[in-house]
$ cat target_39.csv   # CSV, C-alpha atoms and all ligand atoms
chain,number,residue,atom,x,y,z
A,1,MET,CA,0.0,0.0,0.0
A,2,THR,CA,1.2,3.5,-0.7
A,3,PRO,CA,1.3,6.2,2.0
A,4,VAL,CA,-1.7,7.8,0.4
A,5,GLU,CA,-3.6,4.6,0.4
A,6,ILE,CA,-2.7,4.0,4.0
A,7,ARG,CA,-3.9,7.4,5.0
A,8,ALA,CA,-7.2,6.9,3.1
A,9,ARG,CA,-7.7,3.5,4.8
A,10,LEU,CA,-7.0,5.0,8.3
A,11,ASP,CA,-9.5,7.9,7.5
A,12,GLU,CA,-12.1,5.3,6.5
A,13,LEU,CA,-11.5,3.4,9.8
A,14,ALA,CA,-11.7,6.6,11.8
A,15,GLY,CA,-15.1,7.2,10.2
A,16,GLN,CA,-16.2,3.6,11.1
A,17,ALA,CA,-15.1,4.2,14.7
A,18,GLY,CA,-17.1,7.4,14.8
A,19,ALA,CA,-20.2,5.5,13.8
A,20,CYS,CA,-19.5,2.3,15.9
A,21,VAL,CA,-22.1,1.1,18.2
A,22,ALA,CA,-20.5,-2.3,19.0
A,23,CYS,CA,-20.2,-1.6,22.8
A,24,ARG,CA,-21.9,0.5,25.4
A,25,LEU,CA,-19.2,3.2,25.3
A,26,HIS,CA,-20.9,4.8,22.2
A,27,GLU,CA,-23.9,5.8,24.3
A,28,ARG,CA,-22.1,8.5,26.2
A,29,ARG,CA,-19.3,9.6,23.9
A,30,THR,CA,-19.2,13.1,22.3
A,31,GLN,CA,-17.1,11.5,19.5
A,32,ALA,CA,-14.8,8.6,19.0
A,33,VAL,CA,-11.1,9.4,19.4
A,34,PHE,CA,-9.2,7.4,16.7
A,35,ALA,CA,-5.6,8.7,16.6
A,36,ASP,CA,-3.2,11.6,16.1
A,37,GLY,CA,0.2,12.0,14.5
A,38,SER,CA,1.8,10.5,11.4
A,39,PRO,CA,0.8,7.2,9.8
A,40,GLU,CA,4.4,7.1,8.6
A,41,ALA,CA,5.7,7.1,12.1
A,42,ASP,CA,8.6,4.8,13.2
A,43,ILE,CA,7.2,4.8,16.8
A,44,MET,CA,3.6,4.2,17.7
A,45,PHE,CA,2.2,5.0,21.2
A,46,ILE,CA,-0.8,3.2,22.6
A,47,GLY,CA,-2.6,4.5,25.7
A,48,GLU,CA,-5.8,3.2,27.4
A,49,GLY,CA,-8.8,5.2,26.3
A,50,PRO,CA,-10.0,8.8,25.8
A,51,GLY,CA,-10.6,11.0,28.9
A,52,TYR,CA,-12.8,14.1,29.3
A,53,ASN,CA,-10.7,16.4,27.1
A,54,GLU,CA,-10.0,13.8,24.4
A,55,ASP,CA,-13.7,13.1,24.1
A,56,LYS,CA,-14.4,16.8,23.7
A,57,GLU,CA,-11.6,17.4,21.2
A,58,GLY,CA,-11.6,14.2,19.3
A,59,LEU,CA,-7.8,13.7,19.7
A,60,PRO,CA,-5.9,11.4,22.0
A,61,PHE,CA,-3.7,12.7,24.8
A,62,VAL,CA,-4.7,16.3,24.8
A,63,GLY,CA,-5.4,16.7,28.5
A,64,ARG,CA,-2.9,16.8,31.4
A,65,ALA,CA,-1.4,13.4,30.6
A,66,GLY,CA,-1.1,14.5,27.0
A,67,MET,CA,0.7,17.7,27.9
A,68,LEU,CA,3.2,15.6,29.9
A,69,LEU,CA,3.6,13.2,27.0
A,70,ASN,CA,4.2,16.1,24.6
A,71,ARG,CA,6.9,17.5,26.9
A,72,LEU,CA,8.7,14.2,27.4
A,73,LEU,CA,8.6,13.6,23.6
A,74,GLY,CA,10.2,17.0,23.1
A,75,GLU,CA,12.9,16.2,25.7
A,76,VAL,CA,13.9,13.1,23.7
A,77,GLY,CA,13.9,15.0,20.5
A,78,LEU,CA,10.5,13.9,19.1
A,79,ASP,CA,7.6,16.0,18.0
A,80,ARG,CA,4.2,14.7,18.5
A,81,SER,CA,3.5,15.2,14.8
A,82,GLU,CA,6.1,12.6,13.8
A,83,VAL,CA,4.8,9.7,16.0
A,84,TYR,CA,1.5,8.0,15.9
A,85,ILE,CA,-0.7,7.9,19.0
A,86,ALA,CA,-3.8,5.8,19.6
A,87,ASN,CA,-5.6,4.1,22.4
A,88,VAL,CA,-6.9,0.6,23.2
A,89,VAL,CA,-10.5,1.8,23.2
A,90,LYS,CA,-11.7,4.7,21.0
A,91,CYS,CA,-14.6,6.0,23.1
A,92,ARG,CA,-14.4,7.4,26.6
A,93,PRO,CA,-15.3,5.1,29.5
A,94,PRO,CA,-17.7,7.0,31.7
A,95,ASN,CA,-16.0,8.8,34.6
A,96,ASN,CA,-12.7,7.6,33.2
A,97,ARG,CA,-13.3,4.1,34.6
A,98,ASP,CA,-11.1,1.2,33.3
A,99,PRO,CA,-12.3,-0.2,29.9
A,100,ARG,CA,-14.0,-3.5,30.4
A,101,PRO,CA,-13.0,-6.7,28.7
A,102,ASP,CA,-16.0,-6.8,26.3
A,103,GLU,CA,-15.3,-3.2,25.3
A,104,ILE,CA,-11.7,-3.9,24.6
A,105,GLU,CA,-12.8,-7.0,22.6
A,106,ALA,CA,-15.3,-5.0,20.6
A,107,CYS,CA,-12.7,-2.3,19.8
A,108,LYS,CA,-9.5,-4.2,19.2
A,109,HIS,CA,-10.0,-4.7,15.5
A,110,PHE,CA,-9.4,-1.0,15.1
A,111,LEU,CA,-6.1,-1.1,16.9
A,112,VAL,CA,-5.0,-4.2,15.0
A,113,ASP,CA,-5.7,-2.4,11.7
A,114,GLN,CA,-3.8,0.7,13.0
A,115,LEU,CA,-0.8,-1.4,13.9
A,116,ARG,CA,-0.9,-3.2,10.6
A,117,LEU,CA,-1.2,0.0,8.5
A,118,VAL,CA,1.2,2.2,10.4
A,119,ASP,CA,3.6,-0.7,10.8
A,120,PRO,CA,6.0,1.1,13.1
A,121,ALA,CA,9.5,-0.2,14.0
A,122,VAL,CA,8.7,0.3,17.7
A,123,VAL,CA,5.4,0.1,19.5
A,124,MET,CA,5.5,1.9,22.9
A,125,THR,CA,2.6,0.7,25.1
A,126,MET,CA,1.8,3.1,27.9
A,127,GLY,CA,0.3,1.5,31.0
A,128,ASN,CA,-1.2,-1.8,31.9
A,129,PHE,CA,-4.0,-2.0,29.4
A,130,SER,CA,-2.1,-1.7,26.2
A,131,THR,CA,0.9,-3.6,27.5
A,132,LYS,CA,-1.1,-6.6,28.7
A,133,LEU,CA,-3.2,-6.6,25.5
A,134,LEU,CA,-0.2,-6.7,23.1
A,135,LEU,CA,2.1,-8.9,25.1
A,136,LYS,CA,-0.7,-11.2,26.2
A,137,THR,CA,0.6,-11.1,29.8
A,138,SER,CA,-1.0,-10.6,33.2
A,139,VAL,CA,2.3,-9.2,34.5
A,140,GLY,CA,2.0,-5.6,35.6
A,141,ILE,CA,3.7,-2.6,34.0
A,142,THR,CA,6.1,-2.1,36.9
A,143,ARG,CA,7.8,-5.4,35.9
A,144,THR,CA,7.4,-5.2,32.1
A,145,ARG,CA,8.4,-1.6,31.5
A,146,GLY,CA,11.7,-0.6,30.0
A,147,GLN,CA,12.4,-3.8,28.1
A,148,VAL,CA,12.4,-4.7,24.5
A,149,TYR,CA,9.9,-7.5,23.6
A,150,PRO,CA,10.0,-9.0,20.1
A,151,TRP,CA,6.7,-8.7,18.5
A,152,TRP,CA,5.8,-9.8,15.0
A,153,GLY,CA,9.3,-9.0,13.7
A,154,ARG,CA,9.1,-5.6,15.3
A,155,VAL,CA,9.4,-4.7,19.0
A,156,VAL,CA,7.2,-3.5,21.9
A,157,ILE,CA,8.6,-1.4,24.7
A,158,PRO,CA,6.2,-0.8,27.6
A,159,THR,CA,6.3,2.2,29.8
A,160,PHE,CA,4.2,3.7,32.6
A,161,HIS,CA,1.2,5.7,31.6
A,162,PRO,CA,1.8,9.4,31.8
A,163,ALA,CA,-1.2,9.8,34.0
A,164,ALA,CA,0.5,7.6,36.5
A,165,ALA,CA,3.5,10.0,36.5
A,166,LEU,CA,1.1,12.9,37.2
A,167,ARG,CA,-0.1,11.1,40.3
A,168,SER,CA,3.3,9.8,41.4
A,169,GLY,CA,5.8,12.5,40.6
A,170,PRO,CA,9.2,13.2,39.1
A,171,ALA,CA,10.8,9.8,39.6
A,172,MET,CA,8.2,8.1,37.4
A,173,GLU,CA,8.5,10.9,34.9
A,174,ALA,CA,12.2,10.3,34.6
A,175,THR,CA,11.6,6.6,34.1
A,176,ILE,CA,9.2,7.3,31.2
A,177,LYS,CA,11.8,9.6,29.7
A,178,ALA,CA,14.4,6.9,30.0
A,179,ASP,CA,12.0,4.4,28.3
A,180,LEU,CA,11.3,7.0,25.5
A,181,GLU,CA,15.0,7.3,25.0
A,182,MET,CA,15.2,3.5,24.7
A,183,ALA,CA,12.4,3.6,22.1
A,184,VAL,CA,14.1,6.3,20.0
A,185,ARG,CA,17.4,4.4,20.2
A,186,THR,CA,15.8,1.1,19.3
A,187,ALA,CA,13.9,2.5,16.4
A,188,ARG,CA,17.1,4.1,15.0
A,189,GLU,CA,19.0,0.9,15.4
A,190,ARG,CA,16.4,-1.2,13.8
A,191,LEU,CA,15.9,1.1,10.9
A,192,ALA,CA,19.6,1.3,10.3
A,193,ASP,CA,20.2,-2.5,10.5
A,194,PRO,CA,19.2,-4.4,7.3
A,195,ASP,CA,19.3,-7.6,9.4
A,196,ALA,CA,16.7,-6.3,11.8
A,197,GLN,CA,14.5,-5.6,8.9
A,198,ALA,CA,15.3,-8.8,7.0
A,199,GLY,CA,12.9,-11.6,7.6
A,200,VAL,CA,10.3,-9.4,9.1
A,201,PRO,CA,7.0,-11.1,8.4
A,202,GLU,CA,4.4,-9.3,6.3
A,203,PRO,CA,2.0,-7.6,8.7
A,204,PRO,CA,-0.9,-10.0,9.1
A,205,ASP,CA,-4.1,-9.3,7.3
A,206,SER,CA,-6.4,-9.7,10.3
A,207,TYR,CA,-6.4,-9.9,14.0
A,208,GLU,CA,-7.3,-13.6,13.9
A,209,GLN,CA,-4.2,-14.1,11.8
A,210,LEU,CA,-2.2,-11.8,14.0
A,211,GLY,CA,-3.3,-13.9,17.0
A,212,LEU,CA,-2.5,-10.7,18.9
A,213,PHE,CA,-5.0,-10.6,21.6
A,214,GLY,CA,-5.6,-14.3,22.4
B,1,LIG,N1,-5.2,8.6,28.7
B,1,LIG,C1,-5.2,7.7,27.7
B,1,LIG,O1,-4.9,6.5,27.9
B,1,LIG,N2,-5.5,8.1,26.5
B,1,LIG,C2,-5.8,9.3,26.2
B,1,LIG,O2,-6.0,9.6,25.0
B,1,LIG,C3,-5.8,10.3,27.2
B,1,LIG,C4,-5.5,9.9,28.4
$ encode --input "target_39.csv" --output "C-alpha cells" --more "lines below"
Ligand code: URA
Amino acid sequence: MTPVEIRARLDELAGQAGACVACRLHERRTQAVFADGSPEADIMFIGEGPGYNEDKEGLPFVGRAGMLLNRLLGEVGLDRSEVYIANVVKCRPPNNRDPRPDEIEACKHFLVDQLRLVDPAVVMTMGNFSTKLLLKTSVGITRTRGQVYPWWGRVVIPTFHPAAALRSGPAMEATIKADLEMAVRTARERLADPDAQAGVPEPPDSYEQLGLFG
C-alpha cells in the first residue's frame, strides 16, 4: 500500500469508529477518538482510552497526561506530529473508569488495523491495558516496562502511563523519559540495520491471523 492509500484507509477506519455502536461506550461519547500523528511514524504509542478532554476534542492525549507526554517527547527530540498515537478503546469510558474486557474486545480490531497500517518499527505501550493486551501477559507494568519485547518482527517497549506519573511524581516521569530514549534508540538501530528488517513477516491481514490478543 502507498502512504496515500494507508492514510485513506485510516481515515475510513476513523469514520467507522465514529459510527461504531459495538459496545456501550458509544452511548455517552461526544465522539470517537481514533488517533493523532503521522501514519508514517517509526514509533507508535498506545494508551488506554480517551478521557474528558479527548472526548471533547476528538484527539488522544490532549489533557494533562497528553501535555506531559508532549513535553517528554520533546525532551527526547521527538515531535508529536512525527509519532502515531492511539488508544486501546476509542470511546471514553464514563468517569474515566477502566475499559471492560468486552469493550476492549469490541474495539480491538481498530487497533490491529492501525498497527498493521502504520507498521512502526517500535510500539510503545503506555500503562497496563495496552501492555497486557499486546504482550498477552498478566504481569503488571512495573515489571514489564523498560524492556524490548520481540513482537511480530518488530518490538514492543512498555512504559508507565503518563497519568501515573502525574499522580506519582518526578521519579516516574524520569523513568518514562528513559523508556522513551530507549524507544528512540531502538527505532534508530532497527531502521539502520538491514538484518533487523530482514525476515520481518508481512503484517498479518487480520487480528485472527495476528493472534495478537488471544
Ligand atoms: N489517557 C489515555 O490513555 N489516552 C488518552 O487519549 C488520554 C488519556
$ atom_distance --input "target_39.csv" --atom1 "atom CA of A:Gly169" --atom2 "atom CA of A:Arg64"
13.4 Å
$ closest_residue --input "target_39.csv" --among "A:Val76, A:Ala19, A:Leu59, A:Leu13" --to "ligand LIG 1 (chain B)" --atoms "only C-alpha atoms and all ligand atoms"
A:Leu59
$ closest_atom_pairs --input "target_39.csv" --of "chain A" --to "ligand LIG 1 (chain B)" --cutoff "12 Å" --atoms "all atoms listed in the file" --output "JSON lines"
{"residue": "A:Ala32", "atom": "CA", "partner": "B:LIG1", "partner_atom": "O2", "distance": 10.7}
{"residue": "A:Val33", "atom": "CA", "partner": "B:LIG1", "partner_atom": "O2", "distance": 7.6}
{"residue": "A:Phe34", "atom": "CA", "partner": "B:LIG1", "partner_atom": "O2", "distance": 9.2}
{"residue": "A:Ala35", "atom": "CA", "partner": "B:LIG1", "partner_atom": "O2", "distance": 8.5}
{"residue": "A:Asp36", "atom": "CA", "partner": "B:LIG1", "partner_atom": "O2", "distance": 9.5}
{"residue": "A:Phe45", "atom": "CA", "partner": "B:LIG1", "partner_atom": "N2", "distance": 9.8}
{"residue": "A:Ile46", "atom": "CA", "partner": "B:LIG1", "partner_atom": "O1", "distance": 7.5}
{"residue": "A:Gly47", "atom": "CA", "partner": "B:LIG1", "partner_atom": "O1", "distance": 3.8}
{"residue": "A:Glu48", "atom": "CA", "partner": "B:LIG1", "partner_atom": "O1", "distance": 3.5}
{"residue": "A:Gly49", "atom": "CA", "partner": "B:LIG1", "partner_atom": "N2", "distance": 4.4}
{"residue": "A:Pro50", "atom": "CA", "partner": "B:LIG1", "partner_atom": "O2", "distance": 4.2}
{"residue": "A:Gly51", "atom": "CA", "partner": "B:LIG1", "partner_atom": "C3", "distance": 5.1}
{"residue": "A:Tyr52", "atom": "CA", "partner": "B:LIG1", "partner_atom": "C3", "distance": 8.2}
{"residue": "A:Asn53", "atom": "CA", "partner": "B:LIG1", "partner_atom": "C3", "distance": 7.8}
{"residue": "A:Glu54", "atom": "CA", "partner": "B:LIG1", "partner_atom": "O2", "distance": 5.8}
{"residue": "A:Asp55", "atom": "CA", "partner": "B:LIG1", "partner_atom": "O2", "distance": 8.5}
{"residue": "A:Lys56", "atom": "CA", "partner": "B:LIG1", "partner_atom": "O2", "distance": 11.1}
{"residue": "A:Glu57", "atom": "CA", "partner": "B:LIG1", "partner_atom": "O2", "distance": 10.3}
{"residue": "A:Gly58", "atom": "CA", "partner": "B:LIG1", "partner_atom": "O2", "distance": 9.2}
{"residue": "A:Leu59", "atom": "CA", "partner": "B:LIG1", "partner_atom": "O2", "distance": 6.9}
{"residue": "A:Pro60", "atom": "CA", "partner": "B:LIG1", "partner_atom": "O2", "distance": 3.5}
{"residue": "A:Phe61", "atom": "CA", "partner": "B:LIG1", "partner_atom": "O2", "distance": 3.9}
{"residue": "A:Val62", "atom": "CA", "partner": "B:LIG1", "partner_atom": "C3", "distance": 6.6}
{"residue": "A:Gly63", "atom": "CA", "partner": "B:LIG1", "partner_atom": "C3", "distance": 6.5}
{"residue": "A:Arg64", "atom": "CA", "partner": "B:LIG1", "partner_atom": "C4", "distance": 8.0}
{"residue": "A:Ala65", "atom": "CA", "partner": "B:LIG1", "partner_atom": "C4", "distance": 5.8}
{"residue": "A:Gly66", "atom": "CA", "partner": "B:LIG1", "partner_atom": "C3", "distance": 6.3}
{"residue": "A:Met67", "atom": "CA", "partner": "B:LIG1", "partner_atom": "C3", "distance": 9.9}
{"residue": "A:Leu68", "atom": "CA", "partner": "B:LIG1", "partner_atom": "C4", "distance": 10.5}
{"residue": "A:Leu69", "atom": "CA", "partner": "B:LIG1", "partner_atom": "C4", "distance": 9.8}
{"residue": "A:Asn70", "atom": "CA", "partner": "B:LIG1", "partner_atom": "C3", "distance": 11.8}
{"residue": "A:Tyr84", "atom": "CA", "partner": "B:LIG1", "partner_atom": "O2", "distance": 11.9}
{"residue": "A:Ile85", "atom": "CA", "partner": "B:LIG1", "partner_atom": "O2", "distance": 8.2}
{"residue": "A:Ala86", "atom": "CA", "partner": "B:LIG1", "partner_atom": "O2", "distance": 7.0}
{"residue": "A:Asn87", "atom": "CA", "partner": "B:LIG1", "partner_atom": "N2", "distance": 5.7}
{"residue": "A:Val88", "atom": "CA", "partner": "B:LIG1", "partner_atom": "O1", "distance": 7.8}
{"residue": "A:Val89", "atom": "CA", "partner": "B:LIG1", "partner_atom": "O1", "distance": 8.7}
{"residue": "A:Lys90", "atom": "CA", "partner": "B:LIG1", "partner_atom": "O2", "distance": 8.5}
{"residue": "A:Cys91", "atom": "CA", "partner": "B:LIG1", "partner_atom": "O2", "distance": 9.5}
{"residue": "A:Arg92", "atom": "CA", "partner": "B:LIG1", "partner_atom": "C2", "distance": 8.8}
{"residue": "A:Pro93", "atom": "CA", "partner": "B:LIG1", "partner_atom": "C1", "distance": 10.6}
{"residue": "A:Asn96", "atom": "CA", "partner": "B:LIG1", "partner_atom": "N1", "distance": 8.8}
{"residue": "A:Arg97", "atom": "CA", "partner": "B:LIG1", "partner_atom": "N1", "distance": 11.0}
{"residue": "A:Asp98", "atom": "CA", "partner": "B:LIG1", "partner_atom": "O1", "distance": 9.8}
{"residue": "A:Pro99", "atom": "CA", "partner": "B:LIG1", "partner_atom": "O1", "distance": 10.2}
{"residue": "A:Thr125", "atom": "CA", "partner": "B:LIG1", "partner_atom": "O1", "distance": 9.9}
{"residue": "A:Met126", "atom": "CA", "partner": "B:LIG1", "partner_atom": "O1", "distance": 7.5}
{"residue": "A:Gly127", "atom": "CA", "partner": "B:LIG1", "partner_atom": "O1", "distance": 7.9}
{"residue": "A:Asn128", "atom": "CA", "partner": "B:LIG1", "partner_atom": "O1", "distance": 9.9}
{"residue": "A:Phe129", "atom": "CA", "partner": "B:LIG1", "partner_atom": "O1", "distance": 8.7}
{"residue": "A:Ser130", "atom": "CA", "partner": "B:LIG1", "partner_atom": "O1", "distance": 8.8}
{"residue": "A:Thr131", "atom": "CA", "partner": "B:LIG1", "partner_atom": "O1", "distance": 11.7}
{"residue": "A:Phe160", "atom": "CA", "partner": "B:LIG1", "partner_atom": "O1", "distance": 10.6}
{"residue": "A:His161", "atom": "CA", "partner": "B:LIG1", "partner_atom": "O1", "distance": 7.2}
{"residue": "A:Pro162", "atom": "CA", "partner": "B:LIG1", "partner_atom": "N1", "distance": 7.7}
{"residue": "A:Ala163", "atom": "CA", "partner": "B:LIG1", "partner_atom": "N1", "distance": 6.7}
{"residue": "A:Ala164", "atom": "CA", "partner": "B:LIG1", "partner_atom": "N1", "distance": 9.7}
{"residue": "A:Ala165", "atom": "CA", "partner": "B:LIG1", "partner_atom": "N1", "distance": 11.8}
{"residue": "A:Leu166", "atom": "CA", "partner": "B:LIG1", "partner_atom": "C4", "distance": 11.4}
$ write_last_selection --input "target_39.csv" --atoms "C-alpha atoms" --output "JSON list (two decimals), in the frame of the given file"
[["chain", "number", "residue", "atom", "x", "y", "z"],
["A", 32, "ALA", "CA", -14.80, 8.60, 19.00],
["A", 33, "VAL", "CA", -11.10, 9.40, 19.40],
["A", 34, "PHE", "CA", -9.20, 7.40, 16.70],
["A", 35, "ALA", "CA", -5.60, 8.70, 16.60],
["A", 36, "ASP", "CA", -3.20, 11.60, 16.10],
["A", 45, "PHE", "CA", 2.20, 5.00, 21.20],
["A", 46, "ILE", "CA", -0.80, 3.20, 22.60],
["A", 47, "GLY", "CA", -2.60, 4.50, 25.70],
["A", 48, "GLU", "CA", -5.80, 3.20, 27.40],
["A", 49, "GLY", "CA", -8.80, 5.20, 26.30],
["A", 50, "PRO", "CA", -10.00, 8.80, 25.80],
["A", 51, "GLY", "CA", -10.60, 11.00, 28.90],
["A", 52, "TYR", "CA", -12.80, 14.10, 29.30],
["A", 53, "ASN", "CA", -10.70, 16.40, 27.10],
["A", 54, "GLU", "CA", -10.00, 13.80, 24.40],
["A", 55, "ASP", "CA", -13.70, 13.10, 24.10],
["A", 56, "LYS", "CA", -14.40, 16.80, 23.70],
["A", 57, "GLU", "CA", -11.60, 17.40, 21.20],
["A", 58, "GLY", "CA", -11.60, 14.20, 19.30],
["A", 59, "LEU", "CA", -7.80, 13.70, 19.70],
["A", 60, "PRO", "CA", -5.90, 11.40, 22.00],
["A", 61, "PHE", "CA", -3.70, 12.70, 24.80],
["A", 62, "VAL", "CA", -4.70, 16.30, 24.80],
["A", 63, "GLY", "CA", -5.40, 16.70, 28.50],
["A", 64, "ARG", "CA", -2.90, 16.80, 31.40],
["A", 65, "ALA", "CA", -1.40, 13.40, 30.60],
["A", 66, "GLY", "CA", -1.10, 14.50, 27.00],
["A", 67, "MET", "CA", 0.70, 17.70, 27.90],
["A", 68, "LEU", "CA", 3.20, 15.60, 29.90],
["A", 69, "LEU", "CA", 3.60, 13.20, 27.00],
["A", 70, "ASN", "CA", 4.20, 16.10, 24.60],
["A", 84, "TYR", "CA", 1.50, 8.00, 15.90],
["A", 85, "ILE", "CA", -0.70, 7.90, 19.00],
["A", 86, "ALA", "CA", -3.80, 5.80, 19.60],
["A", 87, "ASN", "CA", -5.60, 4.10, 22.40],
["A", 88, "VAL", "CA", -6.90, 0.60, 23.20],
["A", 89, "VAL", "CA", -10.50, 1.80, 23.20],
["A", 90, "LYS", "CA", -11.70, 4.70, 21.00],
["A", 91, "CYS", "CA", -14.60, 6.00, 23.10],
["A", 92, "ARG", "CA", -14.40, 7.40, 26.60],
["A", 93, "PRO", "CA", -15.30, 5.10, 29.50],
["A", 96, "ASN", "CA", -12.70, 7.60, 33.20],
["A", 97, "ARG", "CA", -13.30, 4.10, 34.60],
["A", 98, "ASP", "CA", -11.10, 1.20, 33.30],
["A", 99, "PRO", "CA", -12.30, -0.20, 29.90],
["A", 125, "THR", "CA", 2.60, 0.70, 25.10],
["A", 126, "MET", "CA", 1.80, 3.10, 27.90],
["A", 127, "GLY", "CA", 0.30, 1.50, 31.00],
["A", 128, "ASN", "CA", -1.20, -1.80, 31.90],
["A", 129, "PHE", "CA", -4.00, -2.00, 29.40],
["A", 130, "SER", "CA", -2.10, -1.70, 26.20],
["A", 131, "THR", "CA", 0.90, -3.60, 27.50],
["A", 160, "PHE", "CA", 4.20, 3.70, 32.60],
["A", 161, "HIS", "CA", 1.20, 5.70, 31.60],
["A", 162, "PRO", "CA", 1.80, 9.40, 31.80],
["A", 163, "ALA", "CA", -1.20, 9.80, 34.00],
["A", 164, "ALA", "CA", 0.50, 7.60, 36.50],
["A", 165, "ALA", "CA", 3.50, 10.00, 36.50],
["A", 166, "LEU", "CA", 1.10, 12.90, 37.20]]
$ residues_near_point --input "target_39.csv" --point "(2.0, 4.9, 7.7)" --cutoff "8 Å" --atoms "only C-alpha atoms" --output "PyMOL selection string"
chain A and resi 3+6-7+38-41+117-120
$ write_last_selection --input "target_39.csv" --atoms "C-alpha atoms" --output "JSON list (two decimals), in the frame of the given file"
[["chain", "number", "residue", "atom", "x", "y", "z"],
["A", 3, "PRO", "CA", 1.30, 6.20, 2.00],
["A", 6, "ILE", "CA", -2.70, 4.00, 4.00],
["A", 7, "ARG", "CA", -3.90, 7.40, 5.00],
["A", 38, "SER", "CA", 1.80, 10.50, 11.40],
["A", 39, "PRO", "CA", 0.80, 7.20, 9.80],
["A", 40, "GLU", "CA", 4.40, 7.10, 8.60],
["A", 41, "ALA", "CA", 5.70, 7.10, 12.10],
["A", 117, "LEU", "CA", -1.20, 0.00, 8.50],
["A", 118, "VAL", "CA", 1.20, 2.20, 10.40],
["A", 119, "ASP", "CA", 3.60, -0.70, 10.80],
["A", 120, "PRO", "CA", 6.00, 1.10, 13.10]]
$ closest_residue --input "target_39.csv" --among "A:Lys177, A:Ala121, A:Leu115, A:Met182" --to "A:Val148" --atoms "all atoms listed in the file"
A:Met182
$ decode --input "target_39.csv" --residues "stretch 187-192 of chain A" --atoms "all heavy atoms" --output "PDB file, in the first residue's frame"
ATOM      1  N   ALA A 187      14.455   2.263  17.728  1.00  0.00           N
ATOM      2  CA  ALA A 187      13.909   2.516  16.381  1.00  0.00           C
ATOM      3  C   ALA A 187      15.048   2.853  15.421  1.00  0.00           C
ATOM      4  O   ALA A 187      15.109   2.329  14.303  1.00  0.00           O
ATOM      5  CB  ALA A 187      12.881   3.645  16.433  1.00  0.00           C
ATOM      6  N   ARG A 188      15.963   3.709  15.883  1.00  0.00           N
ATOM      7  CA  ARG A 188      17.093   4.098  15.029  1.00  0.00           C
ATOM      8  C   ARG A 188      17.925   2.875  14.642  1.00  0.00           C
ATOM      9  O   ARG A 188      18.282   2.699  13.475  1.00  0.00           O
ATOM     10  CB  ARG A 188      17.985   5.081  15.784  1.00  0.00           C
ATOM     11  CG  ARG A 188      17.928   6.440  15.175  1.00  0.00           C
ATOM     12  CD  ARG A 188      18.927   7.403  15.767  1.00  0.00           C
ATOM     13  NE  ARG A 188      18.205   8.632  16.085  1.00  0.00           N
ATOM     14  CZ  ARG A 188      18.214   9.230  17.247  1.00  0.00           C
ATOM     15  NH1 ARG A 188      18.942   8.771  18.240  1.00  0.00           N
ATOM     16  NH2 ARG A 188      17.514  10.317  17.427  1.00  0.00           N
ATOM     17  N   GLU A 189      18.218   2.054  15.636  1.00  0.00           N
ATOM     18  CA  GLU A 189      19.047   0.867  15.375  1.00  0.00           C
ATOM     19  C   GLU A 189      18.355  -0.072  14.397  1.00  0.00           C
ATOM     20  O   GLU A 189      18.959  -0.579  13.461  1.00  0.00           O
ATOM     21  CB  GLU A 189      19.309   0.110  16.681  1.00  0.00           C
ATOM     22  CG  GLU A 189      20.365   0.754  17.554  1.00  0.00           C
ATOM     23  CD  GLU A 189      20.364   0.217  18.988  1.00  0.00           C
ATOM     24  OE1 GLU A 189      19.675  -0.787  19.263  1.00  0.00           O
ATOM     25  OE2 GLU A 189      21.043   0.826  19.825  1.00  0.00           O
ATOM     26  N   ARG A 190      17.086  -0.281  14.614  1.00  0.00           N
ATOM     27  CA  ARG A 190      16.369  -1.238  13.764  1.00  0.00           C
ATOM     28  C   ARG A 190      16.255  -0.718  12.335  1.00  0.00           C
ATOM     29  O   ARG A 190      16.361  -1.475  11.370  1.00  0.00           O
ATOM     30  CB  ARG A 190      14.991  -1.540  14.343  1.00  0.00           C
ATOM     31  CG  ARG A 190      15.070  -2.332  15.648  1.00  0.00           C
ATOM     32  CD  ARG A 190      13.707  -2.745  16.114  1.00  0.00           C
ATOM     33  NE  ARG A 190      13.076  -3.686  15.189  1.00  0.00           N
ATOM     34  CZ  ARG A 190      13.337  -4.986  15.155  1.00  0.00           C
ATOM     35  NH1 ARG A 190      14.205  -5.518  15.992  1.00  0.00           N
ATOM     36  NH2 ARG A 190      12.728  -5.765  14.286  1.00  0.00           N
ATOM     37  N   LEU A 191      16.040   0.589  12.206  1.00  0.00           N
ATOM     38  CA  LEU A 191      15.887   1.134  10.855  1.00  0.00           C
ATOM     39  C   LEU A 191      17.222   1.160  10.114  1.00  0.00           C
ATOM     40  O   LEU A 191      17.267   1.087   8.892  1.00  0.00           O
ATOM     41  CB  LEU A 191      15.266   2.534  10.926  1.00  0.00           C
ATOM     42  CG  LEU A 191      13.807   2.523  11.418  1.00  0.00           C
ATOM     43  CD1 LEU A 191      13.341   3.913  11.808  1.00  0.00           C
ATOM     44  CD2 LEU A 191      12.870   1.925  10.373  1.00  0.00           C
ATOM     45  N   ALA A 192      18.321   1.243  10.887  1.00  0.00           N
ATOM     46  CA  ALA A 192      19.647   1.299  10.253  1.00  0.00           C
ATOM     47  C   ALA A 192      20.197  -0.091   9.947  1.00  0.00           C
ATOM     48  O   ALA A 192      21.159  -0.221   9.202  1.00  0.00           O
ATOM     49  CB  ALA A 192      20.614   2.031  11.181  1.00  0.00           C
TER      50      ALA A 192
END
